[in-house]
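Next up, input.pdb (PDB, C-alpha atoms (C1' of nucleotides)):
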ATOM      1  CA  MET D  30      81.970 109.456 133.185  1.00  0.00           C
ATOM      2  CA  ALA D  31      81.082 110.397 129.617  1.00  0.00           C
ATOM      3  CA  THR D  32      82.307 108.159 126.812  1.00  0.00           C
ATOM      4  CA  ALA D  33      84.710 110.802 125.532  1.00  0.00           C
ATOM      5  CA  GLU D  34      86.326 111.013 128.950  1.00  0.00           C
ATOM      6  CA  LYS D  35      86.544 107.232 129.152  1.00  0.00           C
ATOM      7  CA  LEU D  36      88.325 107.081 125.812  1.00  0.00           C
ATOM      8  CA  GLN D  37      90.822 109.673 127.023  1.00  0.00           C
ATOM      9  CA  ALA D  38      91.252 107.798 130.306  1.00  0.00           C
ATOM     10  CA  LEU D  39      91.759 104.527 128.434  1.00  0.00           C
ATOM     11  CA  TYR D  40      94.508 106.155 126.405  1.00  0.00           C
ATOM     12  CA  ASP D  41      96.129 107.597 129.506  1.00  0.00           C
ATOM     13  CA  ALA D  42      96.054 104.207 131.220  1.00  0.00           C
ATOM     14  CA  MET D  43      97.594 102.400 128.240  1.00  0.00           C
ATOM     15  CA  PHE D  44     100.220 105.068 127.677  1.00  0.00           C
ATOM     16  CA  ALA D  45     101.176 105.097 131.344  1.00  0.00           C
ATOM     17  CA  THR D  46     101.587 101.322 131.284  1.00  0.00           C
ATOM     18  CA  TYR D  47     103.250 100.757 127.939  1.00  0.00           C
ATOM     19  CA  GLY D  48     104.624 104.105 126.812  1.00  0.00           C
ATOM     20  CA  PRO D  49     104.993 105.262 123.216  1.00  0.00           C
ATOM     21  CA  GLN D  50     104.887 102.496 120.605  1.00  0.00           C
ATOM     22  CA  HIS D  51     106.654 104.354 117.779  1.00  0.00           C
ATOM     23  CA  TRP D  52     104.395 102.912 115.117  1.00  0.00           C
ATOM     24  CA  TRP D  53     104.045 101.860 112.268  1.00  0.00           C
ATOM     25  CA  PRO D  54     106.672  99.068 112.414  1.00  0.00           C
ATOM     26  CA  GLY D  55     108.201  99.921 109.041  1.00  0.00           C
ATOM     27  CA  ASP D  56     111.073 102.106 107.917  1.00  0.00           C
ATOM     28  CA  THR D  57     109.652 103.971 104.941  1.00  0.00           C
ATOM     29  CA  PRO D  58     106.248 105.099 103.673  1.00  0.00           C
ATOM     30  CA  THR D  59     106.537 102.525 100.899  1.00  0.00           C
ATOM     31  CA  GLU D  60     107.165  99.746 103.385  1.00  0.00           C
ATOM     32  CA  ILE D  61     104.285 100.936 105.564  1.00  0.00           C
ATOM     33  CA  ILE D  62     101.855 100.894 102.652  1.00  0.00           C
ATOM     34  CA  ILE D  63     102.899  97.413 101.540  1.00  0.00           C
ATOM     35  CA  GLY D  64     102.708  96.181 105.121  1.00  0.00           C
ATOM     36  CA  ALA D  65      99.231  97.631 105.547  1.00  0.00           C
ATOM     37  CA  ILE D  66      97.973  95.585 102.617  1.00  0.00           C
ATOM     38  CA  LEU D  67      99.853  92.421 103.536  1.00  0.00           C
ATOM     39  CA  THR D  68      98.682  92.394 107.152  1.00  0.00           C
ATOM     40  CA  GLN D  69      95.004  92.044 106.282  1.00  0.00           C
ATOM     41  CA  ASN D  70      93.716  89.298 108.596  1.00  0.00           C
ATOM     42  CA  THR D  71      97.274  88.058 109.034  1.00  0.00           C
ATOM     43  CA  ALA D  72      99.771  87.817 111.889  1.00  0.00           C
ATOM     44  CA  TRP D  73     102.396  90.540 111.626  1.00  0.00           C
ATOM     45  CA  ARG D  74     105.204  87.989 111.987  1.00  0.00           C
ATOM     46  CA  ASN D  75     104.240  86.511 108.624  1.00  0.00           C
ATOM     47  CA  VAL D  76     104.118  89.947 107.048  1.00  0.00           C
ATOM     48  CA  GLU D  77     107.669  90.576 108.239  1.00  0.00           C
ATOM     49  CA  ARG D  78     108.832  87.524 106.336  1.00  0.00           C
ATOM     50  CA  ALA D  79     107.138  88.672 103.175  1.00  0.00           C
ATOM     51  CA  ILE D  80     108.623  92.156 103.450  1.00  0.00           C
ATOM     52  CA  GLU D  81     112.028  90.644 104.118  1.00  0.00           C
ATOM     53  CA  ASN D  82     111.678  88.626 100.917  1.00  0.00           C
ATOM     54  CA  LEU D  83     110.803  91.771  98.992  1.00  0.00           C
ATOM     55  CA  LYS D  84     113.827  93.569 100.413  1.00  0.00           C
ATOM     56  CA  ASN D  85     116.167  90.693  99.629  1.00  0.00           C
ATOM     57  CA  ALA D  86     114.846  90.659  96.063  1.00  0.00           C
ATOM     58  CA  SER D  87     115.290  94.449  95.867  1.00  0.00           C
ATOM     59  CA  ALA D  88     111.632  94.539  94.907  1.00  0.00           C
ATOM     60  CA  LEU D  89     110.334  96.895  97.591  1.00  0.00           C
ATOM     61  CA  ASN D  90     109.895  99.799  95.188  1.00  0.00           C
ATOM     62  CA  TRP D  91     107.069 100.971  92.947  1.00  0.00           C
ATOM     63  CA  LEU D  92     108.795 100.160  89.678  1.00  0.00           C
ATOM     64  CA  ASP D  93     109.488  96.508  90.503  1.00  0.00           C
ATOM     65  CA  LEU D  94     106.158  96.044  92.221  1.00  0.00           C
ATOM     66  CA  ARG D  95     104.521  97.246  89.023  1.00  0.00           C
ATOM     67  CA  ASP D  96     106.621  95.182  86.632  1.00  0.00           C
ATOM     68  CA  LEU D  97     107.118  91.882  88.459  1.00  0.00           C
ATOM     69  CA  PRO D  98     104.946  89.113  87.018  1.00  0.00           C
ATOM     70  CA  HIS D  99     102.109  87.981  89.259  1.00  0.00           C
ATOM     71  CA  GLU D 100     103.703  84.575  89.903  1.00  0.00           C
ATOM     72  CA  GLN D 101     107.038  86.027  91.029  1.00  0.00           C
ATOM     73  CA  LEU D 102     105.473  88.601  93.317  1.00  0.00           C
ATOM     74  CA  ALA D 103     103.130  85.989  94.770  1.00  0.00           C
ATOM     75  CA  GLU D 104     106.085  83.750  95.564  1.00  0.00           C
ATOM     76  CA  LEU D 105     107.879  86.567  97.403  1.00  0.00           C
ATOM     77  CA  ILE D 106     104.886  87.409  99.587  1.00  0.00           C
ATOM     78  CA  ARG D 107     103.819  83.786 100.116  1.00  0.00           C
ATOM     79  CA  PRO D 108     104.556  83.821 103.881  1.00  0.00           C
ATOM     80  CA  ALA D 109     101.936  86.539 104.381  1.00  0.00           C
ATOM     81  CA  GLY D 110      99.164  84.157 103.328  1.00  0.00           C
ATOM     82  CA  TYR D 111      96.357  84.780 100.792  1.00  0.00           C
ATOM     83  CA  PHE D 112      99.244  85.399  98.430  1.00  0.00           C
ATOM     84  CA  ASN D 113      97.231  85.345  95.210  1.00  0.00           C
ATOM     85  CA  VAL D 114      94.624  87.717  96.569  1.00  0.00           C
ATOM     86  CA  LYS D 115      97.244  90.008  98.046  1.00  0.00           C
ATOM     87  CA  THR D 116      99.285  90.031  94.865  1.00  0.00           C
ATOM     88  CA  ARG D 117      96.208  91.291  92.991  1.00  0.00           C
ATOM     89  CA  ARG D 118      95.627  93.899  95.703  1.00  0.00           C
ATOM     90  CA  LEU D 119      99.219  95.106  95.657  1.00  0.00           C
ATOM     91  CA  LYS D 120      99.098  95.315  91.882  1.00  0.00           C
ATOM     92  CA  ALA D 121      95.826  97.261  92.010  1.00  0.00           C
ATOM     93  CA  PHE D 122      97.296  99.779  94.453  1.00  0.00           C
ATOM     94  CA  VAL D 123     100.530 100.144  92.527  1.00  0.00           C
ATOM     95  CA  GLN D 124      98.707 100.613  89.234  1.00  0.00           C
ATOM     96  CA  TRP D 125      96.570 103.316  90.835  1.00  0.00           C
ATOM     97  CA  LEU D 126      99.657 105.010  92.292  1.00  0.00           C
ATOM     98  CA  TRP D 127     101.296 105.170  88.867  1.00  0.00           C
ATOM     99  CA  ASP D 128      98.136 106.227  87.062  1.00  0.00           C
ATOM    100  CA  SER D 129      97.134 108.923  89.539  1.00  0.00           C
ATOM    101  CA  TYR D 130     100.457 110.206  90.907  1.00  0.00           C
ATOM    102  CA  ASN D 131     103.150 108.809  88.655  1.00  0.00           C
ATOM    103  CA  ALA D 132     104.267 106.787  91.696  1.00  0.00           C
ATOM    104  CA  ASP D 133     105.268 109.988  93.493  1.00  0.00           C
ATOM    105  CA  LEU D 134     104.292 109.576  97.150  1.00  0.00           C
ATOM    106  CA  ASP D 135     104.864 113.257  97.925  1.00  0.00           C
ATOM    107  CA  ARG D 136     102.219 114.153  95.384  1.00  0.00           C
ATOM    108  CA  MET D 137      99.866 111.546  96.825  1.00  0.00           C
ATOM    109  CA  PHE D 138     100.460 112.826 100.363  1.00  0.00           C
ATOM    110  CA  ALA D 139      99.612 116.372  99.270  1.00  0.00           C
ATOM    111  CA  THR D 140      96.042 115.312  98.492  1.00  0.00           C
ATOM    112  CA  PRO D 141      93.426 116.430 101.037  1.00  0.00           C
ATOM    113  CA  LEU D 142      92.545 113.723 103.554  1.00  0.00           C
ATOM    114  CA  HIS D 143      88.949 113.058 102.652  1.00  0.00           C
ATOM    115  CA  SER D 144      89.348 112.962  98.902  1.00  0.00           C
ATOM    116  CA  LEU D 145      92.440 110.783  99.230  1.00  0.00           C
ATOM    117  CA  ARG D 146      90.504 108.405 101.478  1.00  0.00           C
ATOM    118  CA  GLU D 147      87.780 108.107  98.871  1.00  0.00           C
ATOM    119  CA  GLU D 148      90.374 107.436  96.195  1.00  0.00           C
ATOM    120  CA  LEU D 149      91.973 104.697  98.271  1.00  0.00           C
ATOM    121  CA  LEU D 150      88.609 103.087  99.011  1.00  0.00           C
ATOM    122  CA  SER D 151      87.879 102.941  95.302  1.00  0.00           C
ATOM    123  CA  ILE D 152      90.848 100.601  94.785  1.00  0.00           C
ATOM    124  CA  ASN D 153      89.887  96.954  94.789  1.00  0.00           C
ATOM    125  CA  GLY D 154      91.409  95.361  97.876  1.00  0.00           C
ATOM    126  CA  ILE D 155      91.753  98.573  99.885  1.00  0.00           C
ATOM    127  CA  GLY D 156      89.056  98.665 102.546  1.00  0.00           C
ATOM    128  CA  ARG D 157      88.501 101.072 105.397  1.00  0.00           C
ATOM    129  CA  GLU D 158      91.136  99.810 107.801  1.00  0.00           C
ATOM    130  CA  THR D 159      93.809  99.525 105.144  1.00  0.00           C
ATOM    131  CA  ALA D 160      92.978 102.971 103.786  1.00  0.00           C
ATOM    132  CA  ASP D 161      93.053 104.549 107.230  1.00  0.00           C
ATOM    133  CA  SER D 162      96.314 102.786 108.103  1.00  0.00           C
ATOM    134  CA  ILE D 163      97.924 104.181 104.974  1.00  0.00           C
ATOM    135  CA  LEU D 164      96.524 107.663 105.599  1.00  0.00           C
ATOM    136  CA  LEU D 165      97.607 107.799 109.236  1.00  0.00           C
ATOM    137  CA  TYR D 166     100.899 105.934 109.264  1.00  0.00           C
ATOM    138  CA  ALA D 167     102.282 106.516 105.786  1.00  0.00           C
ATOM    139  CA  CYS D 168     100.761 109.903 104.924  1.00  0.00           C
ATOM    140  CA  GLY D 169     100.697 111.361 108.431  1.00  0.00           C
ATOM    141  CA  LEU D 170      97.088 112.493 108.043  1.00  0.00           C
ATOM    142  CA  PRO D 171      94.706 112.639 111.038  1.00  0.00           C
ATOM    143  CA  THR D 172      92.334 109.719 110.578  1.00  0.00           C
ATOM    144  CA  PHE D 173      91.570 107.113 113.231  1.00  0.00           C
ATOM    145  CA  VAL D 174      92.283 103.458 112.423  1.00  0.00           C
ATOM    146  CA  VAL D 175      89.816 100.861 113.668  1.00  0.00           C
ATOM    147  CA  ASP D 176      90.667  97.188 113.710  1.00  0.00           C
ATOM    148  CA  ALA D 177      89.513  93.926 115.276  1.00  0.00           C
ATOM    149  CA  TYR D 178      91.391  94.673 118.506  1.00  0.00           C
ATOM    150  CA  THR D 179      89.810  98.112 118.771  1.00  0.00           C
ATOM    151  CA  ALA D 180      86.314  96.702 118.484  1.00  0.00           C
ATOM    152  CA  ARG D 181      87.037  93.829 120.859  1.00  0.00           C
ATOM    153  CA  ILE D 182      88.646  95.962 123.555  1.00  0.00           C
ATOM    154  CA  LEU D 183      85.919  98.598 123.434  1.00  0.00           C
ATOM    155  CA  THR D 184      83.226  95.936 123.511  1.00  0.00           C
ATOM    156  CA  ARG D 185      84.782  94.145 126.469  1.00  0.00           C
ATOM    157  CA  HIS D 186      85.083  97.438 128.278  1.00  0.00           C
ATOM    158  CA  ARG D 187      81.477  98.285 127.452  1.00  0.00           C
ATOM    159  CA  LEU D 188      82.305 101.470 125.621  1.00  0.00           C
ATOM    160  CA  ILE D 189      80.467 100.365 122.477  1.00  0.00           C
ATOM    161  CA  ASP D 190      77.718  97.967 121.528  1.00  0.00           C
ATOM    162  CA  GLU D 191      78.749  94.665 119.949  1.00  0.00           C
ATOM    163  CA  THR D 192      76.968  95.614 116.749  1.00  0.00           C
ATOM    164  CA  ALA D 193      78.892  98.873 116.273  1.00  0.00           C
ATOM    165  CA  ASP D 194      80.418  98.940 112.804  1.00  0.00           C
ATOM    166  CA  TYR D 195      83.668 100.434 111.543  1.00  0.00           C
ATOM    167  CA  ASP D 196      82.351 103.894 110.777  1.00  0.00           C
ATOM    168  CA  GLU D 197      80.561 104.211 114.106  1.00  0.00           C
ATOM    169  CA  ILE D 198      83.676 103.315 116.066  1.00  0.00           C
ATOM    170  CA  LYS D 199      85.880 105.580 113.981  1.00  0.00           C
ATOM    171  CA  GLU D 200      83.432 108.450 114.445  1.00  0.00           C
ATOM    172  CA  LEU D 201      83.321 107.840 118.185  1.00  0.00           C
ATOM    173  CA  PHE D 202      87.070 108.290 118.495  1.00  0.00           C
ATOM    174  CA  GLU D 203      87.292 111.233 116.153  1.00  0.00           C
ATOM    175  CA  SER D 204      84.455 113.122 117.819  1.00  0.00           C
ATOM    176  CA  SER D 205      85.774 112.373 121.313  1.00  0.00           C
ATOM    177  CA  LEU D 206      89.459 113.130 120.890  1.00  0.00           C
ATOM    178  CA  PRO D 207      91.412 116.175 119.737  1.00  0.00           C
ATOM    179  CA  ASP D 208      92.228 115.998 116.033  1.00  0.00           C
ATOM    180  CA  ASN D 209      95.855 115.059 116.466  1.00  0.00           C
ATOM    181  CA  VAL D 210      97.931 112.763 114.260  1.00  0.00           C
ATOM    182  CA  GLN D 211     100.341 111.765 116.993  1.00  0.00           C
ATOM    183  CA  LEU D 212      97.493 110.915 119.372  1.00  0.00           C
ATOM    184  CA  PHE D 213      95.675 108.819 116.746  1.00  0.00           C
ATOM    185  CA  ASN D 214      98.938 107.093 115.927  1.00  0.00           C
ATOM    186  CA  GLU D 215      99.773 106.145 119.509  1.00  0.00           C
ATOM    187  CA  TYR D 216      96.199 105.279 120.428  1.00  0.00           C
ATOM    188  CA  HIS D 217      95.787 102.690 117.700  1.00  0.00           C
ATOM    189  CA  ALA D 218      99.264 101.281 118.292  1.00  0.00           C
ATOM    190  CA  LEU D 219      98.542 100.908 121.999  1.00  0.00           C
ATOM    191  CA  LEU D 220      95.230  99.184 121.287  1.00  0.00           C
ATOM    192  CA  VAL D 221      97.004  96.646 119.086  1.00  0.00           C
ATOM    193  CA  HIS D 222      99.645  96.067 121.728  1.00  0.00           C
ATOM    194  CA  VAL D 223      97.069  95.528 124.455  1.00  0.00           C
ATOM    195  CA  GLY D 224      94.965  93.418 122.123  1.00  0.00           C
ATOM    196  CA  LYS D 225      97.830  91.084 121.315  1.00  0.00           C
ATOM    197  CA  GLU D 226      98.903  90.761 124.910  1.00  0.00           C
ATOM    198  CA  HIS D 227      95.648  90.623 126.815  1.00  0.00           C
ATOM    199  CA  CYS D 228      92.504  90.741 124.719  1.00  0.00           C
ATOM    200  CA  ARG D 229      92.329  87.560 122.668  1.00  0.00           C
ATOM    201  CA  PRO D 230      89.022  85.940 121.674  1.00  0.00           C
ATOM    202  CA  LYS D 231      89.448  83.305 124.353  1.00  0.00           C
ATOM    203  CA  PRO D 232      90.024  83.188 127.180  1.00  0.00           C
ATOM    204  CA  ARG D 233      88.165  86.439 127.395  1.00  0.00           C
ATOM    205  CA  CYS D 234      90.781  88.217 129.453  1.00  0.00           C
ATOM    206  CA  SER D 235      94.087  87.123 130.909  1.00  0.00           C
ATOM    207  CA  GLY D 236      95.505  89.505 133.448  1.00  0.00           C
ATOM    208  CA  CYS D 237      94.184  92.610 131.740  1.00  0.00           C
ATOM    209  CA  PRO D 238      96.213  95.513 133.163  1.00  0.00           C
ATOM    210  CA  LEU D 239      93.331  97.902 132.627  1.00  0.00           C
ATOM    211  CA  GLU D 240      90.857  96.197 134.905  1.00  0.00           C
ATOM    212  CA  SER D 241      90.987  99.012 137.407  1.00  0.00           C
ATOM    213  CA  PHE D 242      89.803 101.366 134.728  1.00  0.00           C
ATOM    214  CA  VAL D 243      87.327  99.330 132.768  1.00  0.00           C
ATOM    215  CA  HIS D 244      84.435  97.119 133.589  1.00  0.00           C
ATOM    216  CA  GLU D 245      85.183  93.618 132.397  1.00  0.00           C
ATOM    217  CA  VAL D 246      82.050  91.834 131.220  1.00  0.00           C
TER     218      VAL D 246
ATOM    219  C1'  DT T   8      94.671  69.284 116.621  1.00  0.00           C
ATOM    220  C1'  DG T   9      92.054  73.361 115.955  1.00  0.00           C
ATOM    221  C1'  DC T  10      91.926  78.184 116.507  1.00  0.00           C
ATOM    222  C1'  DC T  11      93.725  82.510 115.557  1.00  0.00           C
ATOM    223  C1'  DA T  12      96.011  86.505 113.120  1.00  0.00           C
ATOM    224  C1'  DG T  13      96.209  94.532 112.802  1.00  0.00           C
ATOM    225  C1'  DG T  14      90.380  92.315 106.081  1.00  0.00           C
ATOM    226  C1'  DC T  15      88.101  92.515 101.989  1.00  0.00           C
ATOM    227  C1'  DC T  16      85.401  91.098  98.135  1.00  0.00           C
ATOM    228  C1'  DG T  17      81.595  89.023  95.604  1.00  0.00           C
ATOM    229  C1'  DG T  18      77.491  86.443  95.347  1.00  0.00           C
ATOM    230  C1'  DG T  19      73.198  85.115  97.397  1.00  0.00           C
ATOM    231  C1'  DT T  20      69.058  86.111  99.958  1.00  0.00           C
TER     232       DT T  20
ATOM    233  C1'  DA F   4      70.724  95.873 103.777  1.00  0.00           C
ATOM    234  C1'  DC F   5      72.774  91.945 105.843  1.00  0.00           C
ATOM    235  C1'  DC F   6      75.085  87.242 105.638  1.00  0.00           C
ATOM    236  C1'  DC F   7      78.534  84.086 104.263  1.00  0.00           C
ATOM    237  C1'  DG F   8      82.233  81.526 101.891  1.00  0.00           C
ATOM    238  C1'  DG F   9      86.705  82.084 100.060  1.00  0.00           C
ATOM    239  C1'  DC F  10      91.344  83.320 100.444  1.00  0.00           C
ATOM    240  C1'  DA F  11      96.560  80.651 102.987  1.00  0.00           C
ATOM    241  C1'  DT F  12     100.553  80.883 105.857  1.00  0.00           C
ATOM    242  C1'  DG F  13     102.715  80.028 110.443  1.00  0.00           C
ATOM    243  C1'  DG F  14     102.524  80.006 115.786  1.00  0.00           C
ATOM    244  C1'  DC F  15     100.849  78.041 119.789  1.00  0.00           C
TER     245       DC F  15
END

Here is the file; what I need is its structure written in the form of structure tokens.
Amino acid sequence: MATAEKLQALYDAMFATYGPQHWWPGDTPTEIIIGAILTQNTAWRNVERAIENLKNASALNWLDLRDLPHEQLAELIRPAGYFNVKTRRLKAFVQWLWDSYNADLDRMFATPLHSLREELLSINGIGRETADSILLYACGLPTFVVDAYTARILTRHRLIDETADYDEIKELFESSLPDNVQLFNEYHALLVHVGKEHCRPKPRCSGCPLESFVHEV
DNA sequence: TGCCAGGCCGGGT
DNA sequence: ACCCGGCATGGC
């Protein structure tokens, strides 16, 4: 079976088992963007606390995120970890959003995918996964998100080499699958779900439900 | 107790 | 072009 067919079969197997995930777990584009930055190398549970703090402080909006002093914002997002780093990153994004789009998300979303991706990557603290998460889940643009779970699951299932980097993996998905926002959305969400449940660093695999499809190392 | 979590940056080689 | 330390909280 060709790799493209395996990727489609992997999706079918996950979808059949777990169904639609209805991602991203956030109510508004603003919340999705903030969550994407806060979840960098961090358990989602801790991000939820930070977002809850922002909501309770009525600070989950672009005006307050711009004007809050560093120390106050850092205190609100403390549960998400790396709070000083992430405060700088949030500030950098927010400053860019005001400078480039006057904090109007509709204007930002109207930017063509590839130029918007380059703009996002130019912001300090916005790397490839964060940029792609924003583009796919907040903007609704067809770009595939790669994360640690994606690489681990595909490696374990021998669909990629261990040394494959972000761009290679992203390109593999995008060249193998139809260019479809909803498919990219569900695929990444399902990979995260399976990763959390069954594909942790160690033990290597605990009751992986996809064993009949894949070839566990 | 130590390892892990939906990364990314900056400095050194 | 790689490699690595730093960043920090909370769950198991």

Exercise. For chain D, which residues have at least one atom within 7 Å of chain F, if we go by only C-alpha atoms (C1' of nucleotides)? Write them as number ranges by chain, please.
Worked result: D: 75, 108-111, 114

Problem set entry | Contact residues (chain T, partner chain D, 7 Å, only C-alpha atoms (C1' of nucleotides)) as a PyMOL selection string | chain T and resi 12-15

For this session: Given the file shown, enumerate the residues that the PyMOL selection byres ((chain D and resi 200-205) around 8) captures and present them as a PyMOL selection string.
Result: chain D and resi 32-34+36+172-173+196-199+206-208

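The interatomic distance for the pair CA of Thr140 in chain D and CA of Asn214 in chain D works out to 19.5 Å.
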
Problem set entry | Interatomic distance (Å, one decimal) between CA of Pro141 in chain D and CA of Leu165 in chain D |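 Computing it gives 12.6 Å between the two atoms.
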
Exercise. What is the CA of Ile63 in chain D-CA of Glu226 in chain D distance in Å, reported with one decimal?
Worked result: 24.6 Å

Range 217-227 of chain D: axis-aligned bounding box, 3 Å on each side, centre and edge lengths in Å, one decimal, as JSON:
{"center_x": 97.3, "center_y": 96.7, "center_z": 122.3, "size_x": 10.7, "size_y": 18.1, "size_z": 15.1}

Exercise. Which residues come within 10 Å of range 127-137 of chain D, counting all atoms listed in the file, excluding same-chain residues fewer than 4 positions away, as JSON, numbers by chain?
Worked result: {"D": [58, 59, 90, 91, 92, 95, 122, 123, 141, 145, 148, 167, 168]}

For the provided coordinates, the residues matched by the PyMOL selection byres ((chain D and resi 39-45) around 10) should be stated as a PDB file with C-alpha atoms, in the frame of the given file.
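Written file, out-v9.pdb:
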ATOM      1  CA  ALA D  33      84.710 110.802 125.532  1.00  0.00           C
ATOM      2  CA  GLU D  34      86.326 111.013 128.950  1.00  0.00           C
ATOM      3  CA  LYS D  35      86.544 107.232 129.152  1.00  0.00           C
ATOM      4  CA  LEU D  36      88.325 107.081 125.812  1.00  0.00           C
ATOM      5  CA  GLN D  37      90.822 109.673 127.023  1.00  0.00           C
ATOM      6  CA  ALA D  38      91.252 107.798 130.306  1.00  0.00           C
ATOM      7  CA  THR D  46     101.587 101.322 131.284  1.00  0.00           C
ATOM      8  CA  TYR D  47     103.250 100.757 127.939  1.00  0.00           C
ATOM      9  CA  GLY D  48     104.624 104.105 126.812  1.00  0.00           C
ATOM     10  CA  PRO D  49     104.993 105.262 123.216  1.00  0.00           C
ATOM     11  CA  GLN D  50     104.887 102.496 120.605  1.00  0.00           C
ATOM     12  CA  LEU D 183      85.919  98.598 123.434  1.00  0.00           C
ATOM     13  CA  HIS D 186      85.083  97.438 128.278  1.00  0.00           C
ATOM     14  CA  LEU D 212      97.493 110.915 119.372  1.00  0.00           C
ATOM     15  CA  GLU D 215      99.773 106.145 119.509  1.00  0.00           C
ATOM     16  CA  TYR D 216      96.199 105.279 120.428  1.00  0.00           C
ATOM     17  CA  HIS D 217      95.787 102.690 117.700  1.00  0.00           C
ATOM     18  CA  LEU D 219      98.542 100.908 121.999  1.00  0.00           C
ATOM     19  CA  LEU D 220      95.230  99.184 121.287  1.00  0.00           C
ATOM     20  CA  HIS D 222      99.645  96.067 121.728  1.00  0.00           C
ATOM     21  CA  VAL D 223      97.069  95.528 124.455  1.00  0.00           C
ATOM     22  CA  PRO D 238      96.213  95.513 133.163  1.00  0.00           C
ATOM     23  CA  LEU D 239      93.331  97.902 132.627  1.00  0.00           C
ATOM     24  CA  SER D 241      90.987  99.012 137.407  1.00  0.00           C
ATOM     25  CA  PHE D 242      89.803 101.366 134.728  1.00  0.00           C
ATOM     26  CA  VAL D 243      87.327  99.330 132.768  1.00  0.00           C
TER      27      VAL D 243
END

Problem set entry | Distance criterion (all atoms listed in the file): nearest to Thr57 in chain D out of D:Leu89, D:Glu81, D:Arg117, D:Gln101 | D:Leu89
